[in-house]
$ cat entry_27.cif   # mmCIF, C-alpha atoms
data_work
#
loop_
_atom_site.label_atom_id
_atom_site.label_comp_id
_atom_site.auth_asym_id
_atom_site.auth_seq_id
_atom_site.Cartn_x
_atom_site.Cartn_y
_atom_site.Cartn_z
CA MET A 706 -55.70 106.65 -20.55
CA SER A 707 -57.78 109.18 -22.51
CA GLY A 708 -61.53 108.99 -22.96
CA LYS A 709 -61.07 108.12 -26.61
CA ASP A 710 -58.65 105.31 -25.73
CA PHE A 711 -61.09 103.91 -23.24
CA VAL A 712 -64.24 103.82 -25.33
CA GLU A 713 -62.24 101.95 -27.98
CA LYS A 714 -61.27 99.28 -25.45
CA ASP A 715 -63.26 96.13 -26.19
CA TYR A 716 -64.16 94.36 -22.94
CA TYR A 717 -65.99 91.64 -24.85
CA LYS A 718 -62.79 90.84 -26.71
CA VAL A 719 -60.84 90.82 -23.42
CA LEU A 720 -63.12 88.07 -22.08
CA GLY A 721 -63.52 86.38 -25.45
CA VAL A 722 -67.32 86.49 -25.46
CA PRO A 723 -69.79 87.85 -28.05
CA LYS A 724 -71.52 91.18 -27.47
CA ASP A 725 -74.84 89.42 -26.92
CA ALA A 726 -73.38 87.00 -24.35
CA SER A 727 -75.65 86.20 -21.42
CA ALA A 728 -74.73 87.08 -17.83
CA THR A 729 -74.21 83.38 -17.14
CA GLU A 730 -71.82 82.98 -20.07
CA ILE A 731 -69.84 86.06 -19.02
CA LYS A 732 -69.54 84.80 -15.44
CA LYS A 733 -68.50 81.30 -16.53
CA THR A 734 -65.84 82.67 -18.90
CA TYR A 735 -64.51 85.08 -16.28
CA ARG A 736 -64.13 82.32 -13.68
CA LYS A 737 -62.19 80.19 -16.13
CA LEU A 738 -59.84 83.01 -17.14
CA ALA A 739 -59.43 84.25 -13.55
CA ARG A 740 -58.28 80.82 -12.40
CA GLU A 741 -55.84 80.61 -15.33
CA PHE A 742 -54.24 84.04 -14.90
CA HIS A 743 -54.57 84.61 -11.14
CA PRO A 744 -51.31 86.00 -9.67
CA ASP A 745 -51.23 83.24 -7.06
CA ALA A 746 -51.08 80.67 -9.87
CA ASN A 747 -48.50 82.64 -11.89
CA LYS A 748 -46.04 83.96 -9.33
CA GLY A 749 -43.54 86.35 -10.89
CA ASP A 750 -45.32 86.43 -14.27
CA THR A 751 -46.05 90.11 -14.93
CA LYS A 752 -47.84 89.35 -18.20
CA ALA A 753 -50.28 87.03 -16.42
CA GLU A 754 -50.75 89.69 -13.75
CA ASP A 755 -51.60 92.34 -16.35
CA ARG A 756 -53.92 89.94 -18.10
CA PHE A 757 -55.68 89.20 -14.81
CA LYS A 758 -56.20 92.93 -14.20
CA ASP A 759 -57.64 93.38 -17.69
CA ILE A 760 -59.98 90.43 -17.14
CA SER A 761 -61.11 91.78 -13.76
CA GLU A 762 -61.65 95.25 -15.21
CA ALA A 763 -63.77 93.85 -18.04
CA TYR A 764 -65.82 91.66 -15.73
CA ASP A 765 -66.47 94.53 -13.30
CA VAL A 766 -68.27 96.36 -16.10
CA LEU A 767 -69.92 93.53 -18.03
CA SER A 768 -71.20 91.71 -14.92
CA ASP A 769 -73.28 94.72 -13.87
CA GLU A 770 -76.38 95.14 -16.02
CA LYS A 771 -76.54 98.93 -15.63
CA ARG A 772 -72.83 99.54 -16.16
CA ARG A 773 -72.77 97.19 -19.15
CA LYS A 774 -75.62 99.12 -20.75
CA GLU A 775 -73.82 102.43 -20.22
CA TYR A 776 -70.60 100.97 -21.63
CA ASP A 777 -72.40 99.65 -24.73
CA GLU A 778 -74.00 103.04 -25.27
CA ALA A 779 -70.62 104.78 -24.92
CA ARG A 780 -69.01 102.51 -27.51
CA ALA A 781 -71.94 102.92 -29.87
CA LEU A 782 -71.61 106.69 -29.56
CA PHE A 783 -67.85 107.13 -29.78
CA ALA A 784 -65.96 103.98 -30.70
CA ASN A 785 -67.66 103.59 -34.06
CA GLY A 786 -66.81 107.06 -35.26
CA GLY A 787 -69.86 109.00 -34.09
CA PHE A 788 -67.51 111.84 -33.06
CA ARG A 789 -63.90 112.47 -33.99
CA ALA A 790 -61.36 114.96 -32.79
CA GLY A 791 -60.90 117.79 -35.28
CA GLY A 792 -57.74 118.93 -36.99
CA PRO A 793 -56.65 121.23 -39.73
CA GLY A 794 -58.19 120.16 -42.99
CA GLY A 795 -59.65 117.05 -41.42
CA GLY A 796 -63.25 118.01 -42.02
CA ASN A 797 -64.28 116.65 -38.59
CA TYR A 798 -65.86 118.39 -35.64
CA GLY A 799 -63.19 119.39 -33.14
CA PHE A 800 -63.84 119.05 -29.45
CA ASP A 801 -62.09 118.41 -26.18
CA PHE A 802 -62.99 115.25 -24.30
CA GLY A 803 -62.58 117.08 -21.02
CA ASP A 804 -65.18 119.69 -22.05
CA LEU A 805 -67.57 117.07 -23.38
CA PHE A 806 -67.57 114.94 -20.25
CA SER A 807 -67.38 117.74 -17.71
CA GLY A 808 -70.92 118.97 -18.45
CA SER A 809 -72.33 122.21 -19.78
CA GLN A 810 -70.51 125.46 -19.19
CA GLY A 811 -73.57 126.85 -17.54
CA GLY A 812 -72.98 124.45 -14.66
CA SER A 813 -76.51 123.09 -14.73
CA GLY A 814 -75.60 119.49 -15.43
CA GLY A 815 -72.81 116.99 -15.27
CA GLY A 816 -73.14 115.92 -18.92
CA LEU A 817 -71.85 112.53 -19.98
CA GLY A 818 -69.21 112.77 -17.28
CA ASP A 819 -71.91 111.93 -14.73
CA VAL A 820 -72.75 108.76 -16.61
CA PHE A 821 -69.17 107.56 -16.96
CA GLY A 822 -68.12 108.82 -13.56
CA GLY A 823 -70.66 106.43 -12.03
CA LEU A 824 -69.69 103.69 -14.44
CA PHE A 825 -66.05 103.69 -13.39
CA ASN A 826 -66.47 104.52 -9.72
CA ARG A 827 -65.17 108.07 -9.89
CA GLY A 828 -67.29 109.20 -7.01
CA GLY A 829 -65.85 111.83 -4.75
CA GLY A 830 -66.02 109.61 -1.67
CA GLY A 831 -63.27 108.30 0.51
CA ARG A 832 -60.13 106.55 -0.61
CA GLN A 833 -60.72 103.33 1.25
CA ALA A 834 -59.73 100.06 -0.38
CA GLN A 835 -62.72 97.96 -1.35
CA PRO A 836 -63.46 94.55 0.19
CA ARG A 837 -62.38 91.63 -1.95
CA ARG A 838 -64.48 88.49 -2.26
CA GLY A 839 -62.75 85.21 -1.55
CA ALA A 840 -62.01 82.77 -4.34
CA ASP A 841 -64.28 79.85 -5.16
CA VAL A 842 -62.92 76.45 -4.19
CA GLU A 843 -63.52 73.18 -6.01
CA THR A 844 -63.14 69.70 -4.57
CA GLU A 845 -64.34 66.15 -5.18
CA VAL A 846 -65.86 63.44 -3.02
CA THR A 847 -66.58 59.77 -3.64
CA LEU A 848 -69.70 58.21 -2.10
CA SER A 849 -70.91 54.65 -1.89
CA PHE A 850 -74.06 53.80 -3.81
CA GLU A 851 -76.07 53.71 -0.59
CA GLU A 852 -74.76 57.11 0.58
CA ALA A 853 -75.74 58.69 -2.73
CA VAL A 854 -79.26 57.28 -2.48
CA ASP A 855 -79.93 58.21 1.15
CA GLY A 856 -77.62 61.21 1.60
CA ALA A 857 -74.57 61.43 3.85
CA THR A 858 -72.44 63.80 5.90
CA VAL A 859 -68.83 63.46 4.83
CA PRO A 860 -65.58 65.16 5.93
CA LEU A 861 -63.86 67.21 3.22
CA ARG A 862 -60.26 68.30 3.56
CA MET A 863 -59.64 71.37 1.45
CA THR A 864 -56.72 73.63 0.68
CA SER A 865 -57.48 77.25 -0.17
CA GLN A 866 -56.05 80.74 0.16
CA ALA A 867 -56.53 82.42 3.55
CA PRO A 868 -54.83 85.22 5.50
CA CYS A 869 -51.27 84.22 6.33
CA ARG A 870 -51.05 83.15 9.96
CA THR A 871 -47.47 84.31 10.36
CA CYS A 872 -48.19 87.95 9.50
CA SER A 873 -51.96 87.92 10.17
CA GLY A 874 -52.59 88.85 6.56
CA THR A 875 -50.50 92.05 6.52
CA GLY A 876 -47.79 90.59 4.30
CA ALA A 877 -45.10 92.22 6.46
CA LYS A 878 -42.33 90.53 8.40
CA ALA A 879 -42.76 90.25 12.16
CA GLY A 880 -41.93 93.53 13.87
CA THR A 881 -42.67 95.61 10.77
CA THR A 882 -45.83 97.07 9.28
CA PRO A 883 -46.86 97.86 5.72
CA ARG A 884 -47.03 101.49 4.61
CA VAL A 885 -49.81 103.17 2.72
CA CYS A 886 -49.24 103.04 -1.01
CA PRO A 887 -48.30 106.59 -2.12
CA THR A 888 -49.70 106.02 -5.59
CA CYS A 889 -53.29 105.15 -4.65
CA VAL A 890 -53.17 106.59 -1.10
CA GLY A 891 -54.45 103.30 0.30
CA ALA A 892 -57.44 102.96 -2.05
CA GLY A 893 -56.09 100.03 -4.02
CA THR A 894 -57.30 101.69 -7.24
CA VAL A 895 -56.12 104.63 -9.30
CA SER A 896 -57.90 106.84 -11.82
CA ARG A 897 -56.25 107.40 -15.14
CA GLY A 898 -57.45 109.74 -17.85
CA GLN A 899 -57.87 113.38 -18.74
CA GLY A 900 -60.47 116.00 -18.03
CA ALA A 901 -63.50 114.64 -16.23
CA PHE A 902 -63.31 111.24 -17.90
CA ALA A 903 -61.18 108.67 -16.11
CA LEU A 904 -61.01 104.97 -15.44
CA SER A 905 -60.52 103.35 -12.05
CA GLU A 906 -58.24 100.34 -12.21
CA PRO A 907 -56.23 98.28 -9.69
CA CYS A 908 -53.11 100.09 -8.57
CA ARG A 909 -50.09 98.47 -10.21
CA ASP A 910 -47.66 99.50 -7.47
CA CYS A 911 -49.50 97.75 -4.63
CA ARG A 912 -51.45 95.24 -6.79
CA GLY A 913 -54.76 96.56 -5.53
CA ARG A 914 -54.00 96.04 -1.82
CA GLY A 915 -53.59 99.71 -0.90
CA MET A 916 -50.47 98.92 1.12
CA ILE A 917 -46.82 98.39 0.23
CA VAL A 918 -44.65 95.91 2.09
CA ASP A 919 -40.98 96.88 2.30
CA ASP A 920 -39.91 93.90 4.43
CA PRO A 921 -42.10 90.97 3.32
CA CYS A 922 -43.16 88.01 5.43
CA THR A 923 -40.95 85.00 4.76
CA ASP A 924 -43.92 82.65 4.55
CA CYS A 925 -46.27 84.50 2.18
CA HIS A 926 -43.58 86.66 0.52
CA GLY A 927 -45.59 89.81 1.09
CA SER A 928 -48.87 88.68 -0.43
CA GLY A 929 -50.64 88.38 2.94
CA ARG A 930 -52.18 85.13 1.70
CA ALA A 931 -51.13 81.54 2.28
CA SER A 932 -52.43 78.09 1.59
CA SER A 933 -54.63 76.88 4.41
CA ALA A 934 -55.80 73.30 4.91
CA ARG A 935 -59.03 72.69 6.77
CA THR A 936 -61.49 69.87 7.27
CA MET A 937 -65.21 70.53 7.32
CA GLN A 938 -68.29 68.34 7.57
CA VAL A 939 -70.46 68.66 4.46
CA ARG A 940 -73.97 67.30 4.05
CA ILE A 941 -74.49 65.67 0.66
CA PRO A 942 -78.24 65.59 -0.09
CA ALA A 943 -80.09 62.34 -0.74
CA GLY A 944 -80.54 61.33 -4.35
CA VAL A 945 -77.34 62.94 -5.62
CA GLN A 946 -76.26 61.71 -9.05
CA ASP A 947 -72.84 60.60 -10.21
CA ALA A 948 -70.78 63.56 -11.57
CA GLN A 949 -73.26 66.06 -10.07
CA ARG A 950 -71.75 69.41 -8.99
CA ILE A 951 -73.05 70.85 -5.72
CA ARG A 952 -72.61 74.50 -4.72
CA LEU A 953 -72.18 75.40 -1.05
CA LYS A 954 -72.47 79.17 -0.75
CA GLY A 955 -69.93 80.94 1.44
CA LYS A 956 -67.84 77.81 2.11
CA GLY A 957 -64.93 78.76 -0.15
CA ALA A 958 -61.81 80.84 0.50
CA GLN A 959 -62.01 83.73 2.97
CA GLY A 960 -62.35 87.26 1.62
CA GLU A 961 -59.98 90.17 2.17
CA ARG A 962 -60.71 93.42 4.00
CA GLY A 963 -64.07 92.13 5.20
CA GLY A 964 -65.08 90.74 1.80
CA GLN A 965 -67.51 87.86 1.51
CA PRO A 966 -66.07 84.34 1.32
CA GLY A 967 -66.19 82.47 -1.97
CA ASP A 968 -68.29 79.40 -2.69
CA LEU A 969 -67.40 75.73 -2.47
CA TYR A 970 -68.19 73.49 -5.44
CA VAL A 971 -68.21 69.75 -4.75
CA THR A 972 -68.18 67.26 -7.62
CA VAL A 973 -69.67 63.95 -6.48
CA HIS A 974 -68.54 60.55 -7.72
CA VAL A 975 -70.66 57.49 -6.90
CA ASP A 976 -69.27 53.97 -6.68
CA PRO A 977 -71.31 51.35 -8.57
CA HIS A 978 -73.34 48.74 -6.69
CA PRO A 979 -72.91 45.01 -7.47
CA VAL A 980 -76.69 44.44 -7.60
CA PHE A 981 -78.58 47.70 -8.02
CA GLY A 982 -78.47 50.38 -10.66
CA ARG A 983 -79.87 53.90 -10.86
CA ARG A 984 -82.27 55.57 -13.30
CA ALA A 985 -83.11 59.12 -12.11
CA ASP A 986 -85.09 58.65 -8.86
CA ASN A 987 -85.68 54.94 -9.52
CA LEU A 988 -83.43 52.02 -8.67
CA THR A 989 -83.06 49.06 -11.00
CA VAL A 990 -82.36 45.39 -10.43
CA THR A 991 -82.32 42.32 -12.68
CA VAL A 992 -83.92 39.19 -11.18
CA PRO A 993 -83.46 35.73 -12.73
CA VAL A 994 -86.54 33.46 -13.00
CA SER A 995 -86.85 29.85 -14.14
CA PHE A 996 -88.66 28.83 -17.31
CA PRO A 997 -91.59 27.27 -15.38
CA GLU A 998 -91.98 30.51 -13.36
CA ALA A 999 -92.01 32.57 -16.54
CA ALA A 1000 -94.44 30.25 -18.30
CA LEU A 1001 -96.82 29.48 -15.44
CA GLY A 1002 -96.46 32.68 -13.40
CA GLY A 1003 -96.17 32.91 -9.65
CA THR A 1004 -94.77 35.03 -6.86
CA ILE A 1005 -91.08 35.97 -6.81
CA GLU A 1006 -89.05 37.49 -3.99
CA VAL A 1007 -86.95 40.55 -4.83
CA PRO A 1008 -84.19 42.20 -2.70
CA THR A 1009 -84.30 45.95 -1.95
CA LEU A 1010 -81.56 48.41 -1.03
CA ASN A 1011 -81.11 48.67 2.76
CA GLY A 1012 -84.50 47.16 3.49
CA PRO A 1013 -86.49 43.91 3.63
CA SER A 1014 -87.19 42.04 0.44
CA VAL A 1015 -90.51 42.43 -1.36
CA LYS A 1016 -92.71 39.90 -3.17
CA LEU A 1017 -94.01 40.63 -6.64
CA LYS A 1018 -96.56 38.80 -8.74
CA LEU A 1019 -95.13 37.37 -11.96
CA PRO A 1020 -97.88 36.98 -14.60
CA PRO A 1021 -98.11 33.75 -16.64
CA GLY A 1022 -96.27 33.89 -19.96
CA SER A 1023 -93.79 36.51 -18.79
CA ALA A 1024 -91.26 37.24 -21.50
CA ASN A 1025 -87.56 37.81 -20.95
CA GLY A 1026 -86.96 41.54 -20.23
CA LEU A 1027 -90.35 42.18 -18.66
CA THR A 1028 -90.17 45.02 -16.09
CA LEU A 1029 -92.09 44.92 -12.82
CA ARG A 1030 -92.37 47.85 -10.41
CA ALA A 1031 -92.03 47.92 -6.62
CA ARG A 1032 -93.36 51.34 -5.64
CA GLY A 1033 -91.56 53.45 -3.05
CA LYS A 1034 -88.44 51.28 -2.99
CA GLY A 1035 -86.22 53.58 -5.04
CA ALA A 1036 -83.96 56.58 -4.34
CA THR A 1037 -84.94 59.45 -2.05
CA ARG A 1038 -86.25 62.55 -3.83
CA LYS A 1039 -85.76 66.19 -2.78
CA ASP A 1040 -89.22 66.27 -1.21
CA GLY A 1041 -88.45 63.24 0.96
CA THR A 1042 -90.52 60.75 -1.05
CA ARG A 1043 -88.92 57.80 -2.79
CA GLY A 1044 -88.87 56.59 -6.34
CA ASP A 1045 -89.60 53.01 -7.41
CA LEU A 1046 -87.61 49.84 -7.79
CA LEU A 1047 -87.73 48.66 -11.41
CA VAL A 1048 -87.37 44.87 -11.58
CA THR A 1049 -86.30 43.37 -14.91
CA VAL A 1050 -87.09 39.68 -15.42
CA GLU A 1051 -84.35 37.50 -16.86
CA VAL A 1052 -85.46 34.01 -17.87
CA VAL A 1053 -82.71 31.51 -17.02
CA VAL A 1054 -82.14 28.64 -19.47
CA PRO A 1055 -80.47 25.63 -17.83
CA GLN A 1056 -77.14 24.61 -19.35
CA HIS A 1057 -77.53 20.90 -18.58
CA VAL A 1058 -80.78 18.95 -18.31
CA THR A 1059 -80.87 15.33 -17.10
CA GLY A 1060 -83.17 12.77 -15.54
CA ASP A 1061 -86.81 13.56 -14.99
CA ALA A 1062 -86.32 17.16 -16.10
CA LEU A 1063 -85.02 16.01 -19.48
CA THR A 1064 -87.91 13.57 -19.90
CA ALA A 1065 -90.42 16.29 -19.02
CA LEU A 1066 -88.90 18.74 -21.48
CA GLU A 1067 -88.96 16.20 -24.29
CA GLN A 1068 -92.62 15.51 -23.57
CA TYR A 1069 -93.30 19.26 -23.57
CA ARG A 1070 -91.58 19.63 -26.94
CA GLU A 1071 -93.70 16.88 -28.44
CA ALA A 1072 -96.85 18.42 -26.97
CA THR A 1073 -96.09 21.81 -28.50
CA ALA A 1074 -94.61 20.64 -31.81
CA SER A 1075 -97.44 22.28 -33.78
CA ASP A 1076 -96.77 25.68 -32.18
CA ASP A 1077 -94.02 27.19 -34.31
CA PRO A 1078 -92.78 30.41 -32.60
CA ARG A 1079 -91.15 31.51 -35.87
CA ALA A 1080 -94.20 31.15 -38.08
CA ALA A 1081 -95.16 34.82 -37.81
CA LEU A 1082 -91.60 35.83 -38.67
CA PHE A 1083 -91.56 33.91 -41.97
CA LYS A 1084 -95.04 35.12 -42.82
CA ALA A 1085 -93.98 38.73 -42.37
CA ALA A 1086 -90.84 38.14 -44.45
CA GLU A 1087 -92.85 36.69 -47.33
CA GLY A 1088 -95.27 39.61 -47.32
CA ALA A 1089 -92.54 42.23 -47.33
#

$ encode --input "entry_27.cif" --output "structure tokens"
Amino acid sequence: MSGKDFVEKDYYKVLGVPKDASATEIKKTYRKLAREFHPDANKGDTKAEDRFKDISEAYDVLSDEKRRKEYDEARALFANGGFRAGGPGGGNYGFDFGDLFSGSQGGSGGGLGDVFGGLFNRGGGGRQAQPRRGADVETEVTLSFEEAVDGATVPLRMTSQAPCRTCSGTGAKAGTTPRVCPTCVGAGTVSRGQGAFALSEPCRDCRGRGMIVDDPCTDCHGSGRASSARTMQVRIPAGVQDAQRIRLKGKGAQGERGGQPGDLYVTVHVDPHPVFGRRADNLTVTVPVSFPEAALGGTIEVPTLNGPSVKLKLPPGSANGLTLRARGKGATRKDGTRGDLLVTVEVVVPQHVTGDALTALEQYREATASDDPRAALFKAAEGA
């Protein structure tokens, strides 16, 4: 790939993000595309493999603030026509990309080649393959209402990619060993270009591994990776919400060549409770009260979650829907304190009234006949 070809390559278009995309947006988009086009998920699909390499190449540049800035400056300088190669009658300034990027002829400086050499890892160091970070792993767990409120340690069985046990991650059949890739000489990357301007990209012959397997392992088919199931104990913090996504750093798939492991993302589902509800750090409960209790007031007993009941004072004339508060009886917060229990009063109207209760209610109706509860409503309607 020539320098001109490269500066015209649009990494933003490769990832499908705008040029002013934030680092978070770039990372989120890359993760989504990487999962979709990863070779392990598209075995034998060369187009998906090429797409994955393009995505990785774009992310390597755009995820690094310094390299992204240098790339943007390069495109602003060359890709938009700032310089063009000359030709007979073309009226443009002729130059050679190799001369431009190799520095001044006086040998005093590296020119723009120094900038882009650092950008695309063209350092003159060793040819050792780079460590590869393990993939992120996602799983789900379902907790009871009580476990979500107080926190819980739960076992999670996960399946992720890990070094193949049969070949110990070499990818080669037992009794054989991989050979160093002659194309990249074991580096896993190759530089393509002309002059002093070149681009490092994953080697296509060894797929970035630096080694070629002539007699592949029958279990992993030469990839050196295999699905591994494991069970681990995970602590879910107190106060977790339904559908909340928790990140556990370094608990994902193992890396390659000494690379860091990926992260584990756990999506939590919480079963509903037959009595209690949840509102942020507060718990909620609806408590029925009789009409005399609502009208005359009194003390009512209220259940709590995993604790003794509490008694609350109900004021006289309490309306249906009134909310009382029992402090410190809610969900556990991050700092170890607890929210409140919000108690909603529900006035119960008896379906059948007989005997002394019926007589008493009829007497009450006669005693309050002059108190029309709808008088204010009609007055407001007439004045509207």

$ closest_residue --input "entry_27.cif" --among "A:Lys954, A:Arg740, A:Lys758, A:Arg884" --to "Gly967 in chain A" --atoms "only C-alpha atoms"
A:Lys954

$ resolve_selection --input "entry_27.cif" --expression "the PyMOL selection byres ((chain A and resi 984) around 10)" --output "PDB file with C-alpha atoms, in the frame of the given file"
ATOM      1  CA  GLN A 946     -76.260  61.710  -9.050  1.00  0.00           C
ATOM      2  CA  GLY A 982     -78.470  50.380 -10.660  1.00  0.00           C
ATOM      3  CA  ARG A 983     -79.870  53.900 -10.860  1.00  0.00           C
ATOM      4  CA  ALA A 985     -83.110  59.120 -12.110  1.00  0.00           C
ATOM      5  CA  ASP A 986     -85.090  58.650  -8.860  1.00  0.00           C
ATOM      6  CA  ASN A 987     -85.680  54.940  -9.520  1.00  0.00           C
ATOM      7  CA  LEU A 988     -83.430  52.020  -8.670  1.00  0.00           C
ATOM      8  CA  THR A 989     -83.060  49.060 -11.000  1.00  0.00           C
ATOM      9  CA  GLY A1035     -86.220  53.580  -5.040  1.00  0.00           C
ATOM     10  CA  ALA A1036     -83.960  56.580  -4.340  1.00  0.00           C
ATOM     11  CA  GLY A1044     -88.870  56.590  -6.340  1.00  0.00           C
ATOM     12  CA  ASP A1045     -89.600  53.010  -7.410  1.00  0.00           C
ATOM     13  CA  LEU A1046     -87.610  49.840  -7.790  1.00  0.00           C
ATOM     14  CA  LEU A1047     -87.730  48.660 -11.410  1.00  0.00           C
TER      15      LEU A1047
END

$ resolve_selection --input "entry_27.cif" --expression "the PyMOL selection byres ((chain A and resi 894) around 9)" --output "list in words"
Arg832, Ala834, Gln835, Thr888, Cys889, Val890, Gly891, Ala892, Gly893, Val895, Ser896, Ser905, Glu906, Pro907, Cys908, Arg909, Arg912, Gly913, Arg914 and Gly915 of chain A

$ resolve_selection --input "entry_27.cif" --expression "the PyMOL selection byres ((chain A and resi 847-860) around 12)" --output "compact mmCIF listing (two decimals) with C-alpha atoms, in the frame of the given file"
# COMPACT_ATOMS: atom_id res chain seq x y z
CA THR A 844 -63.14 69.70 -4.57
CA GLU A 845 -64.34 66.15 -5.18
CA VAL A 846 -65.86 63.44 -3.02
CA LEU A 861 -63.86 67.21 3.22
CA ARG A 862 -60.26 68.30 3.56
CA MET A 863 -59.64 71.37 1.45
CA ARG A 935 -59.03 72.69 6.77
CA THR A 936 -61.49 69.87 7.27
CA MET A 937 -65.21 70.53 7.32
CA GLN A 938 -68.29 68.34 7.57
CA VAL A 939 -70.46 68.66 4.46
CA ARG A 940 -73.97 67.30 4.05
CA ILE A 941 -74.49 65.67 0.66
CA PRO A 942 -78.24 65.59 -0.09
CA ALA A 943 -80.09 62.34 -0.74
CA GLY A 944 -80.54 61.33 -4.35
CA VAL A 945 -77.34 62.94 -5.62
CA GLN A 946 -76.26 61.71 -9.05
CA ASP A 947 -72.84 60.60 -10.21
CA ALA A 948 -70.78 63.56 -11.57
CA GLN A 949 -73.26 66.06 -10.07
CA VAL A 971 -68.21 69.75 -4.75
CA THR A 972 -68.18 67.26 -7.62
CA VAL A 973 -69.67 63.95 -6.48
CA HIS A 974 -68.54 60.55 -7.72
CA VAL A 975 -70.66 57.49 -6.90
CA ASP A 976 -69.27 53.97 -6.68
CA PRO A 977 -71.31 51.35 -8.57
CA HIS A 978 -73.34 48.74 -6.69
CA PRO A 979 -72.91 45.01 -7.47
CA VAL A 980 -76.69 44.44 -7.60
CA PHE A 981 -78.58 47.70 -8.02
CA GLY A 982 -78.47 50.38 -10.66
CA ARG A 983 -79.87 53.90 -10.86
CA ARG A 984 -82.27 55.57 -13.30
CA ALA A 985 -83.11 59.12 -12.11
CA ASP A 986 -85.09 58.65 -8.86
CA ASN A 987 -85.68 54.94 -9.52
CA LEU A 988 -83.43 52.02 -8.67
CA THR A 1009 -84.30 45.95 -1.95
CA LEU A 1010 -81.56 48.41 -1.03
CA ASN A 1011 -81.11 48.67 2.76
CA GLY A 1012 -84.50 47.16 3.49
CA LYS A 1034 -88.44 51.28 -2.99
CA GLY A 1035 -86.22 53.58 -5.04
CA ALA A 1036 -83.96 56.58 -4.34
CA THR A 1037 -84.94 59.45 -2.05
CA ARG A 1038 -86.25 62.55 -3.83
CA LYS A 1039 -85.76 66.19 -2.78
CA GLY A 1041 -88.45 63.24 0.96
CA THR A 1042 -90.52 60.75 -1.05
CA ARG A 1043 -88.92 57.80 -2.79
CA GLY A 1044 -88.87 56.59 -6.34

$ residues_near_point --input "entry_27.cif" --point "(-70.8, 90.4, -18.7)" --cutoff "6 Å" --atoms "all atoms listed in the file" --output "VMD selection string"
chain A and resid 728 731 764 767 to 768

$ write_last_selection --input "entry_27.cif" --atoms "C-alpha atoms" --output "mmCIF file, in the frame of the given file"
data_model
loop_
_atom_site.group_PDB
_atom_site.id
_atom_site.type_symbol
_atom_site.label_atom_id
_atom_site.label_comp_id
_atom_site.auth_asym_id
_atom_site.auth_seq_id
_atom_site.Cartn_x
_atom_site.Cartn_y
_atom_site.Cartn_z
ATOM 1 C CA ALA A 728 -74.730 87.080 -17.830
ATOM 2 C CA ILE A 731 -69.840 86.060 -19.020
ATOM 3 C CA TYR A 764 -65.820 91.660 -15.730
ATOM 4 C CA LEU A 767 -69.920 93.530 -18.030
ATOM 5 C CA SER A 768 -71.200 91.710 -14.920
#

$ atom_distance --input "entry_27.cif" --atom1 "CA of Leu1082 in chain A" --atom2 "CA of Asn1025 in chain A"
18.3 Å

$ closest_residue --input "entry_27.cif" --among "A:Asp715, A:Ala877, A:Ser932, A:Leu720" --to "Tyr776 in chain A" --atoms "only C-alpha atoms"
A:Asp715

$ atom_distance --input "entry_27.cif" --atom1 "CA of Glu1051 in chain A" --atom2 "CA of Ser995 in chain A"
8.5 Å

$ axis_aligned_box --input "entry_27.cif" --around "range 875-891 of chain A" --padding-each-side "4 Å" --output "lines of an AutoDock Vina configuration file"
center_x = -48.2
center_y = 98.4
center_z = 4.1
size_x = 20.5
size_y = 24.3
size_z = 27.5

$ atom_distance --input "entry_27.cif" --atom1 "CA of Glu754 in chain A" --atom2 "CA of Phe742 in chain A"
6.7 Å

$ closest_residue --input "entry_27.cif" --among "A:Ala1000, A:Ala931, A:Ala726, A:Ala1065" --to "Asp745 in chain A" --atoms "all atoms listed in the file"
A:Ala931

$ residues_near_point --input "entry_27.cif" --point "(-92.5, 44.2, -12.3)" --cutoff "12 Å" --atoms "only C-alpha atoms" --output "ChimeraX atom specification"
/A:989-992,1004-1007,1015-1020,1023-1032,1045-1051

$ decode --input "entry_27.cif" --residues "range 738-756 of chain A" --atoms "C-alpha atoms" --output "mmCIF file, in the first residue's frame"
data_model
loop_
_atom_site.group_PDB
_atom_site.id
_atom_site.type_symbol
_atom_site.label_atom_id
_atom_site.label_comp_id
_atom_site.auth_asym_id
_atom_site.auth_seq_id
_atom_site.Cartn_x
_atom_site.Cartn_y
_atom_site.Cartn_z
ATOM 1 C CA LEU A 738 -18.324 -4.948 15.083
ATOM 2 C CA ALA A 739 -15.529 -7.115 16.517
ATOM 3 C CA ARG A 740 -18.054 -9.550 17.981
ATOM 4 C CA GLU A 741 -19.926 -9.671 14.665
ATOM 5 C CA PHE A 742 -16.915 -10.269 12.398
ATOM 6 C CA HIS A 743 -14.543 -12.150 14.718
ATOM 7 C CA PRO A 744 -12.960 -15.145 12.915
ATOM 8 C CA ASP A 745 -14.071 -17.492 15.693
ATOM 9 C CA ALA A 746 -17.685 -16.554 14.963
ATOM 10 C CA ASN A 747 -17.249 -16.774 11.172
ATOM 11 C CA LYS A 748 -15.109 -19.841 10.599
ATOM 12 C CA GLY A 749 -14.065 -20.171 6.963
ATOM 13 C CA ASP A 750 -15.479 -16.764 5.974
ATOM 14 C CA THR A 751 -12.540 -14.883 4.438
ATOM 15 C CA LYS A 752 -14.617 -11.748 3.877
ATOM 16 C CA ALA A 753 -15.496 -11.575 7.581
ATOM 17 C CA GLU A 754 -11.838 -12.161 8.406
ATOM 18 C CA ASP A 755 -10.734 -9.272 6.171
ATOM 19 C CA ARG A 756 -13.430 -7.069 7.630
#
